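**Q** Sharing start-v5.txt here; it has compact mmCIF, C-alpha atoms.
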# COMPACT_ATOMS: atom_id res chain seq x y z
CA MET A 1 -8.54 14.30 25.75
CA VAL A 2 -8.96 16.76 22.87
CA ARG A 3 -8.73 15.31 19.41
CA VAL A 4 -7.24 17.68 16.84
CA THR A 5 -8.49 17.31 13.30
CA GLY A 6 -7.33 18.99 10.10
CA ALA A 7 -10.29 21.39 10.32
CA ASP A 8 -9.22 22.73 13.75
CA ARG A 9 -7.44 26.07 13.85
CA PHE A 10 -5.88 27.69 16.85
CA ASP A 11 -5.33 31.17 15.42
CA LEU A 12 -8.95 32.26 15.04
CA PRO A 13 -10.48 34.88 17.33
CA GLU A 14 -13.70 34.13 19.18
CA PRO A 15 -15.55 37.45 19.06
CA ASP A 16 -18.48 38.13 21.31
CA ALA A 17 -20.83 41.09 21.73
CA PHE A 18 -18.22 42.95 23.79
CA THR A 19 -15.17 42.42 21.51
CA ARG A 20 -17.06 42.90 18.23
CA ALA A 21 -16.03 46.59 18.12
CA TYR A 22 -12.37 45.54 18.36
CA TRP A 23 -12.64 43.01 15.51
CA ASP A 24 -14.69 45.41 13.37
CA ALA A 25 -11.89 47.99 13.78
CA THR A 26 -9.15 45.52 12.85
CA ALA A 27 -11.12 44.64 9.71
CA LYS A 28 -10.71 48.31 8.75
CA GLY A 29 -6.98 48.34 9.59
CA ARG A 30 -7.33 50.08 12.95
CA LEU A 31 -6.04 48.96 16.36
CA LEU A 32 -8.04 49.82 19.49
CA VAL A 33 -7.25 49.78 23.21
CA ARG A 34 -9.49 50.39 26.20
CA ARG A 35 -8.91 53.42 28.44
CA CYS A 36 -10.27 53.88 31.95
CA GLY A 37 -12.11 57.11 32.68
CA ALA A 38 -11.46 56.75 36.43
CA CYS A 39 -7.67 56.19 36.58
CA GLY A 40 -6.75 57.16 33.01
CA LEU A 41 -4.77 53.99 32.23
CA ALA A 42 -5.11 52.08 28.96
CA HIS A 43 -5.17 48.30 28.83
CA HIS A 44 -5.06 45.41 26.38
CA PRO A 45 -6.48 42.83 25.84
CA PRO A 46 -9.91 44.46 25.99
CA ARG A 47 -11.92 44.00 29.18
CA GLU A 48 -15.25 45.36 30.33
CA PHE A 49 -13.58 46.79 33.45
CA CYS A 50 -10.24 48.40 34.27
CA PRO A 51 -7.71 45.80 35.47
CA TYR A 52 -5.93 48.49 37.53
CA CYS A 53 -8.75 50.12 39.53
CA TRP A 54 -11.72 47.85 38.65
CA SER A 55 -13.81 50.74 37.33
CA GLU A 56 -16.38 49.94 34.67
CA ASP A 57 -15.88 53.42 33.16
CA VAL A 58 -13.81 52.19 30.20
CA THR A 59 -14.08 53.20 26.55
CA TRP A 60 -12.55 52.24 23.23
CA GLU A 61 -9.73 54.44 21.97
CA PRO A 62 -7.74 54.28 18.71
CA ALA A 63 -4.13 53.24 19.20
CA SER A 64 -1.35 54.88 17.19
CA GLY A 65 -0.29 51.60 15.60
CA ARG A 66 3.29 52.09 16.81
CA ALA A 67 5.09 49.96 19.39
CA ALA A 68 8.49 49.18 20.88
CA LEU A 69 9.67 45.58 21.01
CA TYR A 70 9.71 44.53 24.67
CA THR A 71 10.67 40.85 24.44
CA TRP A 72 10.47 38.01 21.92
CA SER A 73 11.17 34.37 21.24
CA VAL A 74 11.71 32.58 17.96
CA VAL A 75 9.37 29.59 17.81
CA HIS A 76 10.85 26.69 15.86
CA ARG A 77 8.21 24.10 16.68
CA ASN A 78 4.48 24.38 17.23
CA ASP A 79 2.30 21.39 16.44
CA LEU A 80 -1.02 23.27 16.57
CA PRO A 81 -2.53 24.09 13.18
CA PRO A 82 -1.82 26.39 11.38
CA PHE A 83 1.27 27.43 13.35
CA SER A 84 3.32 24.41 12.26
CA ALA A 85 3.27 25.75 8.69
CA ARG A 86 4.57 29.16 9.87
CA THR A 87 7.67 28.06 11.78
CA PRO A 88 9.99 29.63 12.52
CA TYR A 89 8.05 32.70 13.66
CA VAL A 90 8.66 35.42 16.23
CA ALA A 91 6.27 35.47 19.21
CA ALA A 92 6.61 38.81 20.98
CA VAL A 93 5.41 41.25 23.57
CA VAL A 94 5.34 44.86 22.38
CA GLU A 95 4.82 48.05 24.36
CA LEU A 96 2.30 50.47 22.90
CA PRO A 97 2.89 54.21 23.43
CA GLU A 98 -0.62 54.34 24.93
CA GLY A 99 0.73 52.26 27.83
CA PRO A 100 -0.24 48.61 27.60
CA ARG A 101 1.90 45.72 26.51
CA MET A 102 0.46 43.37 23.93
CA MET A 103 1.23 39.78 22.95
CA THR A 104 1.65 39.49 19.19
CA GLU A 105 3.86 38.24 16.39
CA VAL A 106 6.66 40.16 14.68
CA VAL A 107 6.64 39.67 10.92
CA GLY A 108 9.06 40.85 8.25
CA ALA A 109 12.09 40.51 10.51
CA GLY A 110 14.01 38.48 7.96
CA ASP A 111 16.27 35.77 9.30
CA GLY A 112 14.11 34.35 12.08
CA GLY A 113 14.47 37.32 14.41
CA GLY A 114 18.24 37.74 14.30
CA GLY A 115 17.95 41.46 13.52
CA LEU A 116 15.61 42.29 16.41
CA TRP A 117 16.55 44.22 19.54
CA ALA A 118 14.75 45.37 22.68
CA GLY A 119 13.19 48.78 22.12
CA MET A 120 13.12 48.41 18.33
CA ASP A 121 10.46 50.57 16.67
CA LEU A 122 7.58 48.57 15.21
CA GLU A 123 4.33 49.34 13.41
CA VAL A 124 1.08 47.41 13.25
CA ALA A 125 0.15 45.29 10.27
CA PHE A 126 -2.78 42.92 9.94
CA ARG A 127 -2.83 39.23 9.02
CA ALA A 128 -5.97 37.79 7.45
CA VAL A 129 -7.06 34.52 9.07
CA GLY A 130 -10.09 32.26 8.72
CA GLU A 131 -13.56 33.13 7.56
CA ARG A 132 -15.57 35.85 9.24
CA ARG A 133 -19.30 35.20 9.24
CA GLU A 134 -20.88 38.01 11.20
CA HIS A 135 -23.66 40.39 10.24
CA GLY A 136 -24.21 38.33 7.07
CA GLU A 137 -20.67 39.14 5.86
CA ARG A 138 -18.11 36.72 4.52
CA GLY A 139 -14.46 37.52 4.73
CA GLU A 140 -11.45 37.07 6.95
CA TYR A 141 -10.57 38.23 10.44
CA MET A 142 -7.70 40.67 10.55
CA VAL A 143 -5.34 39.88 13.42
CA PRO A 144 -2.84 42.57 14.49
CA VAL A 145 0.84 41.68 14.09
CA PHE A 146 3.82 44.05 14.11
CA ARG A 147 6.70 44.64 11.71
CA PRO A 148 9.90 46.68 11.95
CA VAL A 149 9.49 50.31 10.94
CA SER A 150 11.20 51.03 7.63
CA GLY A 151 14.80 51.84 8.41
CA GLY A 152 14.63 49.78 11.60
CA GLY A 153 14.48 52.68 14.02
CA ARG A 154 16.78 53.06 17.02
CA ALA A 155 16.33 51.28 20.28
CA ARG A 156 15.14 53.68 22.98
CA GLY A 157 17.77 54.17 25.66
CA VAL A 158 20.31 51.89 23.98
CA VAL A 159 23.54 53.04 22.37
CA GLN A 160 24.19 51.15 19.15
Please re-express this file's structure in structure tokens.
**A**
Amino acid sequence: MVRVTGADRFDLPEPDAFTRAYWDATAKGRLLVRRCGACGLAHHPPREFCPYCWSEDVTWEPASGRAALYTWSVVHRNDLPPFSARTPYVAAVVELPEGPRMMTEVVGAGDGGGGLWAGMDLEVAFRAVGERREHGERGEYMVPVFRPVSGGGRARGVVQ
């Protein structure tokens, strides 16, 4: 049995030598994906190999920071800290123009997600969480979240 204390947080990344480049980029307000040199497909979350063809010829690539809302759910209850203080929030899957889908949170959607629609244009934003203590630095991790593009954008392939 796991005992949860007030000091436990379930929103903090656990960087390692491989993902450090990703977290260093988010700290600078940039989103990265991995692209395979063998099959050409991009993927997220980052892996040391391509999940499509298993090649190890993968490199970091800047993402545009844009996305289309693929699916979402409004979370009204989550007992894990610090999520309980954020409810309701919108847990989502977005589709990046580079190809991969990404699990994230939609912020700035107003009334608990009532104004969202599939295909809605989104842009990346970054939420500061926790304390970052790498390379002798102190600061916060920047976790990518997405928000509606100003003006809302039109759903792709949907008549409004």
**Q** Contacts of Pro144 of chain A at 10 Å or less, counting all atoms listed in the file, minus same-chain residues fewer than 6 places along, as a PDB file with C-alpha atoms, keeping the file's coordinate frame?
**A**
ATOM      1  CA  TRP A  23     -12.640  43.010  15.510  1.00  0.00           C
ATOM      2  CA  THR A  26      -9.150  45.520  12.850  1.00  0.00           C
ATOM      3  CA  ALA A  27     -11.120  44.640   9.710  1.00  0.00           C
ATOM      4  CA  GLY A  29      -6.980  48.340   9.590  1.00  0.00           C
ATOM      5  CA  ARG A  30      -7.330  50.080  12.950  1.00  0.00           C
ATOM      6  CA  LEU A  31      -6.040  48.960  16.360  1.00  0.00           C
ATOM      7  CA  GLY A  65      -0.290  51.600  15.600  1.00  0.00           C
ATOM      8  CA  MET A 103       1.230  39.780  22.950  1.00  0.00           C
ATOM      9  CA  THR A 104       1.650  39.490  19.190  1.00  0.00           C
ATOM     10  CA  GLU A 105       3.860  38.240  16.390  1.00  0.00           C
ATOM     11  CA  VAL A 106       6.660  40.160  14.680  1.00  0.00           C
ATOM     12  CA  GLU A 123       4.330  49.340  13.410  1.00  0.00           C
ATOM     13  CA  VAL A 124       1.080  47.410  13.250  1.00  0.00           C
ATOM     14  CA  ALA A 125       0.150  45.290  10.270  1.00  0.00           C
ATOM     15  CA  PHE A 126      -2.780  42.920   9.940  1.00  0.00           C
ATOM     16  CA  ARG A 127      -2.830  39.230   9.020  1.00  0.00           C
ATOM     17  CA  ALA A 128      -5.970  37.790   7.450  1.00  0.00           C
TER      18      ALA A 128
END
**Q** So how far away is atom CA of Gly112 of chain A from atom CA of Thr87 of chain A, in Å?
**A**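 Computed distance, atom CA of Thr87 of chain A to atom CA of Gly112 of chain A, equals 9.0 Å.
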**Q** Hey, can I get the axis-aligned box for segment 138-150 of chain A? All listed atoms, 3 Å padding on each side, centre and edge lengths in Å to one decimal, as JSON.
**A**
{"center_x": -3.5, "center_y": 43.9, "center_z": 9.5, "size_x": 35.3, "size_y": 20.3, "size_z": 16.0}
**Q** Please provide as a list in words all residues within 9 Å of Glu48 of chain A, with the sequence filter that same-chain residues fewer than 6 positions apart are discarded (counting all atoms listed in the file).
**A** Phe18, Arg34, Ser55, Glu56, Asp57, Val58 and Thr59 of chain A
**Q** Could you tell me, as a list of chain:residue names, which residues have any atom at most 8 Å from (-3.0, 25.2, 19.3), counting only C-alpha atoms?
**A**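 All residues meeting the 8 Å criterion around (-3.0, 25.2, 19.3) are A:Arg9, A:Phe10, A:Asp11, A:Asn78, A:Asp79, A:Leu80, A:Pro81, A:Phe83.
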**Q** Between A:Pro82, A:Val94, A:Lys28, A:Trp72, single out the one closest to Gly130 of chain A, counting only C-alpha atoms.
**A**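 Closest to Gly130 of chain A, using only C-alpha atoms: A:Pro82.
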**Q** Report, in Å with one decimal, the straight-line distance from atom CA of Val93 of chain A to atom CA of Leu69 of chain A.
**A**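 So the two atoms, atom CA of Val93 of chain A and atom CA of Leu69 of chain A, lie 6.6 Å apart.
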**Q** Have a look at atom CA of Pro51 of chain A and atom CA of Ala63 of chain A and let me know their distance in Å, one decimal.
**A**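 Atom CA of Pro51 of chain A sits 18.2 Å away from atom CA of Ala63 of chain A.
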**Q** A:Met120, A:Ala42, A:Leu32, A:Ala68: which is nearest Arg20 of chain A, counting all atoms listed in the file?
**A**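 Looking only at the distances to Arg20 of chain A, the closest residue turns out to be A:Leu32.
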**Q** Can you find the residues with an atom no farther than 6 Å from (4.3, 52.6, 22.1), counting only C-alpha atoms, and report them as a PyMOL selection string?
**A** chain A and resi 66-68+95-98
**Q** Would you kindly return, as a list in words, each protein, DNA or RNA residue with an atom no farther than 9 Å from any atom of Ala109 of chain A, considering all atoms listed in the file and excluding same-chain residues fewer than 6 positions away?
**A**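 Everything that qualifies: Val90, Gly115, Leu116, Arg147 and Pro148 of chain A.
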**Q** Which residue out of A:Met102, A:Met142, A:Val74, A:Cys50 has the minimum interatomic distance to Tyr89 of chain A when all atoms listed in the file are used?
**A** A:Val74
**Q** Restricting the calculation to only C-alpha atoms, which member of A:Tyr70, A:Trp54, A:Glu61, A:Gly108 is positioned closest to Ala25 of chain A?
**A**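 So, comparing all the options, the nearest one is A:Glu61.
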**Q** Rank A:Arg47, A:Arg77, A:Ser84, A:Thr71 by their smallest atom-to-atom distance to Ala118 of chain A, using only C-alpha atoms, and report the top residue only.
**A** A:Thr71
**Q** Complete segment 43-54 of chain A at the level of all heavy atoms, written as a PDB file, in the frame of the given file.
**A**
ATOM      1  N   HIS A  43      -5.499  49.720  28.653  1.00  0.00           N
ATOM      2  CA  HIS A  43      -5.170  48.300  28.830  1.00  0.00           C
ATOM      3  C   HIS A  43      -5.495  47.511  27.557  1.00  0.00           C
ATOM      4  O   HIS A  43      -6.263  47.932  26.708  1.00  0.00           O
ATOM      5  CB  HIS A  43      -5.876  47.701  30.049  1.00  0.00           C
ATOM      6  CG  HIS A  43      -7.360  47.745  29.985  1.00  0.00           C
ATOM      7  ND1 HIS A  43      -8.106  48.805  30.465  1.00  0.00           N
ATOM      8  CD2 HIS A  43      -8.263  46.866  29.486  1.00  0.00           C
ATOM      9  CE1 HIS A  43      -9.383  48.561  30.285  1.00  0.00           C
ATOM     10  NE2 HIS A  43      -9.516  47.387  29.678  1.00  0.00           N
ATOM     11  N   HIS A  44      -4.841  46.378  27.461  1.00  0.00           N
ATOM     12  CA  HIS A  44      -5.060  45.410  26.380  1.00  0.00           C
ATOM     13  C   HIS A  44      -4.621  44.061  26.931  1.00  0.00           C
ATOM     14  O   HIS A  44      -3.603  43.999  27.598  1.00  0.00           O
ATOM     15  CB  HIS A  44      -4.225  45.784  25.148  1.00  0.00           C
ATOM     16  CG  HIS A  44      -4.564  44.937  23.956  1.00  0.00           C
ATOM     17  ND1 HIS A  44      -5.624  45.234  23.135  1.00  0.00           N
ATOM     18  CD2 HIS A  44      -4.019  43.806  23.481  1.00  0.00           C
ATOM     19  CE1 HIS A  44      -5.688  44.326  22.184  1.00  0.00           C
ATOM     20  NE2 HIS A  44      -4.733  43.440  22.377  1.00  0.00           N
ATOM     21  N   PRO A  45      -5.320  42.978  26.698  1.00  0.00           N
ATOM     22  CA  PRO A  45      -6.480  42.830  25.840  1.00  0.00           C
ATOM     23  C   PRO A  45      -7.717  43.516  26.419  1.00  0.00           C
ATOM     24  O   PRO A  45      -7.774  43.819  27.617  1.00  0.00           O
ATOM     25  CB  PRO A  45      -6.676  41.305  25.773  1.00  0.00           C
ATOM     26  CG  PRO A  45      -6.050  40.769  27.008  1.00  0.00           C
ATOM     27  CD  PRO A  45      -4.923  41.704  27.322  1.00  0.00           C
ATOM     28  N   PRO A  46      -8.715  43.751  25.553  1.00  0.00           N
ATOM     29  CA  PRO A  46      -9.910  44.460  25.990  1.00  0.00           C
ATOM     30  C   PRO A  46     -10.658  43.731  27.109  1.00  0.00           C
ATOM     31  O   PRO A  46     -10.801  42.515  27.074  1.00  0.00           O
ATOM     32  CB  PRO A  46     -10.790  44.491  24.725  1.00  0.00           C
ATOM     33  CG  PRO A  46      -9.879  44.175  23.592  1.00  0.00           C
ATOM     34  CD  PRO A  46      -8.759  43.362  24.154  1.00  0.00           C
ATOM     35  N   ARG A  47     -11.099  44.512  28.075  1.00  0.00           N
ATOM     36  CA  ARG A  47     -11.920  44.000  29.180  1.00  0.00           C
ATOM     37  C   ARG A  47     -13.075  44.971  29.394  1.00  0.00           C
ATOM     38  O   ARG A  47     -12.973  46.130  29.024  1.00  0.00           O
ATOM     39  CB  ARG A  47     -11.106  43.896  30.464  1.00  0.00           C
ATOM     40  CG  ARG A  47      -9.948  42.929  30.375  1.00  0.00           C
ATOM     41  CD  ARG A  47      -9.174  42.962  31.704  1.00  0.00           C
ATOM     42  NE  ARG A  47      -7.987  42.140  31.640  1.00  0.00           N
ATOM     43  CZ  ARG A  47      -6.788  42.578  31.295  1.00  0.00           C
ATOM     44  NH1 ARG A  47      -6.609  43.842  30.963  1.00  0.00           N
ATOM     45  NH2 ARG A  47      -5.747  41.767  31.267  1.00  0.00           N
ATOM     46  N   GLU A  48     -14.096  44.502  30.054  1.00  0.00           N
ATOM     47  CA  GLU A  48     -15.250  45.360  30.330  1.00  0.00           C
ATOM     48  C   GLU A  48     -15.042  46.211  31.572  1.00  0.00           C
ATOM     49  O   GLU A  48     -15.881  47.044  31.891  1.00  0.00           O
ATOM     50  CB  GLU A  48     -16.512  44.507  30.483  1.00  0.00           C
ATOM     51  CG  GLU A  48     -16.874  43.799  29.189  1.00  0.00           C
ATOM     52  CD  GLU A  48     -18.167  43.027  29.281  1.00  0.00           C
ATOM     53  OE1 GLU A  48     -19.204  43.659  29.554  1.00  0.00           O
ATOM     54  OE2 GLU A  48     -18.131  41.809  29.079  1.00  0.00           O
ATOM     55  N   PHE A  49     -13.907  46.016  32.247  1.00  0.00           N
ATOM     56  CA  PHE A  49     -13.580  46.790  33.450  1.00  0.00           C
ATOM     57  C   PHE A  49     -12.081  47.076  33.422  1.00  0.00           C
ATOM     58  O   PHE A  49     -11.317  46.431  32.701  1.00  0.00           O
ATOM     59  CB  PHE A  49     -13.943  46.014  34.721  1.00  0.00           C
ATOM     60  CG  PHE A  49     -13.198  44.715  34.831  1.00  0.00           C
ATOM     61  CD1 PHE A  49     -11.973  44.647  35.479  1.00  0.00           C
ATOM     62  CD2 PHE A  49     -13.706  43.557  34.247  1.00  0.00           C
ATOM     63  CE1 PHE A  49     -11.270  43.452  35.552  1.00  0.00           C
ATOM     64  CE2 PHE A  49     -13.003  42.355  34.319  1.00  0.00           C
ATOM     65  CZ  PHE A  49     -11.787  42.305  34.971  1.00  0.00           C
ATOM     66  N   CYS A  50     -11.657  48.051  34.197  1.00  0.00           N
ATOM     67  CA  CYS A  50     -10.240  48.400  34.270  1.00  0.00           C
ATOM     68  C   CYS A  50      -9.508  47.391  35.158  1.00  0.00           C
ATOM     69  O   CYS A  50      -9.913  47.168  36.301  1.00  0.00           O
ATOM     70  CB  CYS A  50     -10.093  49.799  34.853  1.00  0.00           C
ATOM     71  SG  CYS A  50      -8.362  50.286  35.115  1.00  0.00           S
ATOM     72  N   PRO A  51      -8.433  46.771  34.649  1.00  0.00           N
ATOM     73  CA  PRO A  51      -7.710  45.800  35.470  1.00  0.00           C
ATOM     74  C   PRO A  51      -6.852  46.455  36.556  1.00  0.00           C
ATOM     75  O   PRO A  51      -6.316  45.769  37.407  1.00  0.00           O
ATOM     76  CB  PRO A  51      -6.832  45.067  34.451  1.00  0.00           C
ATOM     77  CG  PRO A  51      -6.605  46.060  33.374  1.00  0.00           C
ATOM     78  CD  PRO A  51      -7.878  46.870  33.301  1.00  0.00           C
ATOM     79  N   TYR A  52      -6.746  47.785  36.548  1.00  0.00           N
ATOM     80  CA  TYR A  52      -5.930  48.490  37.530  1.00  0.00           C
ATOM     81  C   TYR A  52      -6.762  48.978  38.717  1.00  0.00           C
ATOM     82  O   TYR A  52      -6.354  48.842  39.857  1.00  0.00           O
ATOM     83  CB  TYR A  52      -5.208  49.671  36.880  1.00  0.00           C
ATOM     84  CG  TYR A  52      -4.360  49.243  35.716  1.00  0.00           C
ATOM     85  CD1 TYR A  52      -4.754  49.494  34.411  1.00  0.00           C
ATOM     86  CD2 TYR A  52      -3.166  48.544  35.911  1.00  0.00           C
ATOM     87  CE1 TYR A  52      -3.977  49.089  33.331  1.00  0.00           C
ATOM     88  CE2 TYR A  52      -2.393  48.125  34.842  1.00  0.00           C
ATOM     89  CZ  TYR A  52      -2.812  48.399  33.555  1.00  0.00           C
ATOM     90  OH  TYR A  52      -2.053  47.985  32.497  1.00  0.00           O
ATOM     91  N   CYS A  53      -7.940  49.569  38.429  1.00  0.00           N
ATOM     92  CA  CYS A  53      -8.750  50.120  39.530  1.00  0.00           C
ATOM     93  C   CYS A  53     -10.142  49.503  39.609  1.00  0.00           C
ATOM     94  O   CYS A  53     -10.925  49.866  40.466  1.00  0.00           O
ATOM     95  CB  CYS A  53      -8.857  51.642  39.395  1.00  0.00           C
ATOM     96  SG  CYS A  53      -9.929  52.208  38.050  1.00  0.00           S
ATOM     97  N   TRP A  54     -10.460  48.600  38.696  1.00  0.00           N
ATOM     98  CA  TRP A  54     -11.720  47.850  38.650  1.00  0.00           C
ATOM     99  C   TRP A  54     -12.926  48.682  38.233  1.00  0.00           C
ATOM    100  O   TRP A  54     -14.051  48.218  38.306  1.00  0.00           O
ATOM    101  CB  TRP A  54     -11.990  47.133  39.979  1.00  0.00           C
ATOM    102  CG  TRP A  54     -10.908  46.173  40.308  1.00  0.00           C
ATOM    103  CD1 TRP A  54      -9.818  46.410  41.080  1.00  0.00           C
ATOM    104  CD2 TRP A  54     -10.764  44.833  39.825  1.00  0.00           C
ATOM    105  NE1 TRP A  54      -9.005  45.296  41.118  1.00  0.00           N
ATOM    106  CE2 TRP A  54      -9.571  44.308  40.355  1.00  0.00           C
ATOM    107  CE3 TRP A  54     -11.535  44.028  38.997  1.00  0.00           C
ATOM    108  CZ2 TRP A  54      -9.129  43.028  40.086  1.00  0.00           C
ATOM    109  CZ3 TRP A  54     -11.090  42.738  38.729  1.00  0.00           C
ATOM    110  CH2 TRP A  54      -9.895  42.265  39.283  1.00  0.00           C
TER     111      TRP A  54
END
